[in-house]
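Contents: one structure, followed by commentary.
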Amino acid sequence: MLKAILQVKWSLLLTVASIILAGVFINPAASLTMIVLIAIEVAFSFDNAVVNAKILEHMSRIWQQIFLTFGMIIAVLGMRLVFPILIVSLTAGLSFGKVIDLALNNPDHYAHYLELAHPSISAFGGAFLLTLGLYFLFDKHRREKWWTSLEVFFQKFGGHWWLAPLVAMAVVAFVAALPANHHAETTLRAGILGVAVYTAVHQAIALLDKKQAALTHGAKRVGWAAFGAFLYLELLDASFSFDGVLGAFAITNNVILIAAGLGIGALWVRTLTIQLVRHKSLNNYRYLEHGAHYAILALAVALMVGLIREVPEAVTGFVGIIIIAGAFQASRKVRATSK
């Protein structure tokens, strides 16, 4: 128990310090808000941690550490502070400086502009995550199965790298064509971009892995292969963070508090990822990877549906938690019977 605590000591220290500083420099109620934001980020991103762990277990230890440290700077400052400002700047036609001024001095106005960018964010993020989930379902080399009938059906069509993006594009086109979708052009443009970005990154990593395997006989990812995987993890984190940033404005309009709360939550997600890798939890709990991908597919569907009607973040998070809890319980059951 003590060893486990020591392994996450920096996460604990930063969490406690952030909660205290929020109460001192903002107000006492901000400490409670910080705790809520951290809890939301961790609860809603467990599936992200599992998928991250699957990638990280094939990376060298130094790249795992880079993901936890340098990657954390990108996650907090980039994805949860700078990127939302950039999105508002691009969609609202405002200068970057003007948007920063709005974020700091007129957060309600900033939140309004961010909400206007929601269709682009939902279409891109939904298509990106949908493509990820479909690649998992169509993977004919995956032997472990949880929902056997469904997975066997999809694997029958596997073996073609273009199948997952093609199906994802068809879904994007269908959602864009729905009469209730008043953002058809945005859905199509941002959705196709999301599919294209994921496919390009996925294929690039596969190519780099193939070249490295030929040189190193299948050793863990290093060099360009590890760098490509690192960029993939950051893109994946971005796709998960979009909706969380939007949902956080329902709790507070303080941009700094949102960035800090979600950032500390992201730190815990990364810490959890490293712990999953260190303890080989994906080997011990064989269906966690399945649960994570099904939860990701559920999130992708929620983002797509959100283009037509509002889907509460609580519903999306609850569904994801239920799926992963089911995967965890199924894994425990199989593990117990196999002993």
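Residue numbering restarts at 1 for every chain of the structure tokens, chains are lettered A, B, ... in their displayed order, and ligands are numbered from 1 as they appear.
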Polymer residues at most 9 Å from Ser122 (chain A), only C-alpha atoms, same-chain spacing of 3 or more positions, as an mmCIF file with C-alpha atoms, in the first residue's frame:
```cif
data_model
loop_
_atom_site.group_PDB
_atom_site.id
_atom_site.type_symbol
_atom_site.label_atom_id
_atom_site.label_comp_id
_atom_site.auth_asym_id
_atom_site.auth_seq_id
_atom_site.Cartn_x
_atom_site.Cartn_y
_atom_site.Cartn_z
ATOM 1 C CA ALA A 117 -17.834 26.061 -31.821
ATOM 2 C CA HIS A 118 -19.491 22.959 -30.376
ATOM 3 C CA PRO A 119 -20.668 21.511 -33.763
ATOM 4 C CA GLY A 125 -14.055 14.430 -31.972
ATOM 5 C CA GLY A 126 -16.933 12.066 -32.703
ATOM 6 C CA ALA A 127 -15.529 11.022 -36.091
ATOM 7 C CA THR A 187 -20.514 18.147 -39.666
ATOM 8 C CA ALA A 190 -15.042 18.561 -39.469
ATOM 9 C CA GLY A 191 -16.126 14.907 -39.474
ATOM 10 C CA PHE A 242 -13.066 18.814 -25.961
ATOM 11 C CA ASP A 243 -16.371 17.855 -24.411
ATOM 12 C CA ALA A 300 -18.430 8.925 -30.304
ATOM 13 C CA ALA A 302 -22.985 10.784 -28.016
ATOM 14 C CA LEU A 303 -20.877 13.428 -29.772
ATOM 15 C CA MET A 304 -22.612 12.701 -33.092
ATOM 16 C CA VAL A 305 -26.077 12.740 -31.517
ATOM 17 C CA GLY A 306 -25.073 16.004 -29.818
ATOM 18 C CA LEU A 307 -25.073 17.628 -33.260
#
```
I'd like the neighbourhood of Leu235 (chain A) as a list in words, where a residue qualifies if any of its atoms comes within 10 Å (using only C-alpha atoms), though same-chain residues fewer than 6 positions away should be ignored.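 So, after excluding close chain neighbours, the residues are Ala75, Met79, Gly125, Phe128, Val197, Tyr198, Val201, Ala229 and Ser241 of chain A.
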Can those selected residues be exported to a file as a PDB file, in the first residue's frame so that it contains N, CA and C atoms?
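Output below, filename result.pdb:
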```pdb
ATOM      1  N   ALA A  75      -1.071  18.618 -22.266  1.00  0.00           N
ATOM      2  CA  ALA A  75      -2.446  18.322 -21.856  1.00  0.00           C
ATOM      3  C   ALA A  75      -3.087  19.493 -21.124  1.00  0.00           C
ATOM      4  N   MET A  79      -4.169  21.576 -24.457  1.00  0.00           N
ATOM      5  CA  MET A  79      -5.513  21.078 -24.751  1.00  0.00           C
ATOM      6  C   MET A  79      -6.606  21.716 -23.905  1.00  0.00           C
ATOM      7  N   GLY A 125     -14.328  15.382 -33.049  1.00  0.00           N
ATOM      8  CA  GLY A 125     -14.055  14.430 -31.972  1.00  0.00           C
ATOM      9  C   GLY A 125     -14.831  13.139 -32.143  1.00  0.00           C
ATOM     10  N   PHE A 128     -13.321  11.139 -35.079  1.00  0.00           N
ATOM     11  CA  PHE A 128     -11.996  10.651 -34.679  1.00  0.00           C
ATOM     12  C   PHE A 128     -12.140   9.406 -33.803  1.00  0.00           C
ATOM     13  N   VAL A 197      -7.587  12.458 -40.033  1.00  0.00           N
ATOM     14  CA  VAL A 197      -6.491  12.629 -39.073  1.00  0.00           C
ATOM     15  C   VAL A 197      -6.214  11.318 -38.340  1.00  0.00           C
ATOM     16  N   TYR A 198      -7.282  10.667 -37.847  1.00  0.00           N
ATOM     17  CA  TYR A 198      -7.048   9.412 -37.133  1.00  0.00           C
ATOM     18  C   TYR A 198      -6.435   8.360 -38.052  1.00  0.00           C
ATOM     19  N   VAL A 201      -2.715   9.089 -38.772  1.00  0.00           N
ATOM     20  CA  VAL A 201      -1.855   8.802 -37.620  1.00  0.00           C
ATOM     21  C   VAL A 201      -1.754   7.288 -37.393  1.00  0.00           C
ATOM     22  N   ALA A 229       3.856   7.464 -31.751  1.00  0.00           N
ATOM     23  CA  ALA A 229       2.883   6.984 -30.771  1.00  0.00           C
ATOM     24  C   ALA A 229       2.571   8.070 -29.743  1.00  0.00           C
ATOM     25  N   SER A 241     -10.758  15.594 -24.402  1.00  0.00           N
ATOM     26  CA  SER A 241     -10.808  16.814 -23.589  1.00  0.00           C
ATOM     27  C   SER A 241     -11.826  17.832 -24.093  1.00  0.00           C
TER      28      SER A 241
END
```
Within 10 Å of Leu231 (chain A) using only C-alpha atoms, minus same-chain residues under 5 positions, as a PyMOL selection string: chain A and resi 67+71+201+205+226+236-237
Using only C-alpha atoms, what table do you get, as CSV, when you list each residue of region 199-313 of chain A with an atom no more than 8 Å from region 35-47 of chain A, its nearest pair of atoms, and their distance in Å rounded to one decimal, rows by chain then rising number?
```
residue,atom,partner,partner_atom,distance
A:Phe240,CA,A:Ser45,CA,7.1
A:Gly244,CA,A:Glu41,CA,7.0
A:Ala248,CA,A:Leu37,CA,7.1
A:Ile258,CA,A:Leu37,CA,7.2
A:Gly261,CA,A:Leu37,CA,5.0
A:Leu262,CA,A:Ile38,CA,5.6
A:Gly263,CA,A:Ile38,CA,7.8
A:Ile264,CA,A:Ile38,CA,6.1
A:Gly265,CA,A:Ile38,CA,4.3
A:Ala266,CA,A:Glu41,CA,6.6
A:Trp268,CA,A:Val42,CA,6.7
A:Val269,CA,A:Val42,CA,5.9
A:Gly291,CA,A:Asp47,CA,7.5
A:Ala292,CA,A:Asp47,CA,4.3
A:His293,CA,A:Asp47,CA,7.2
A:Ala295,CA,A:Asp47,CA,6.5
A:Ile296,CA,A:Asp47,CA,6.9
```
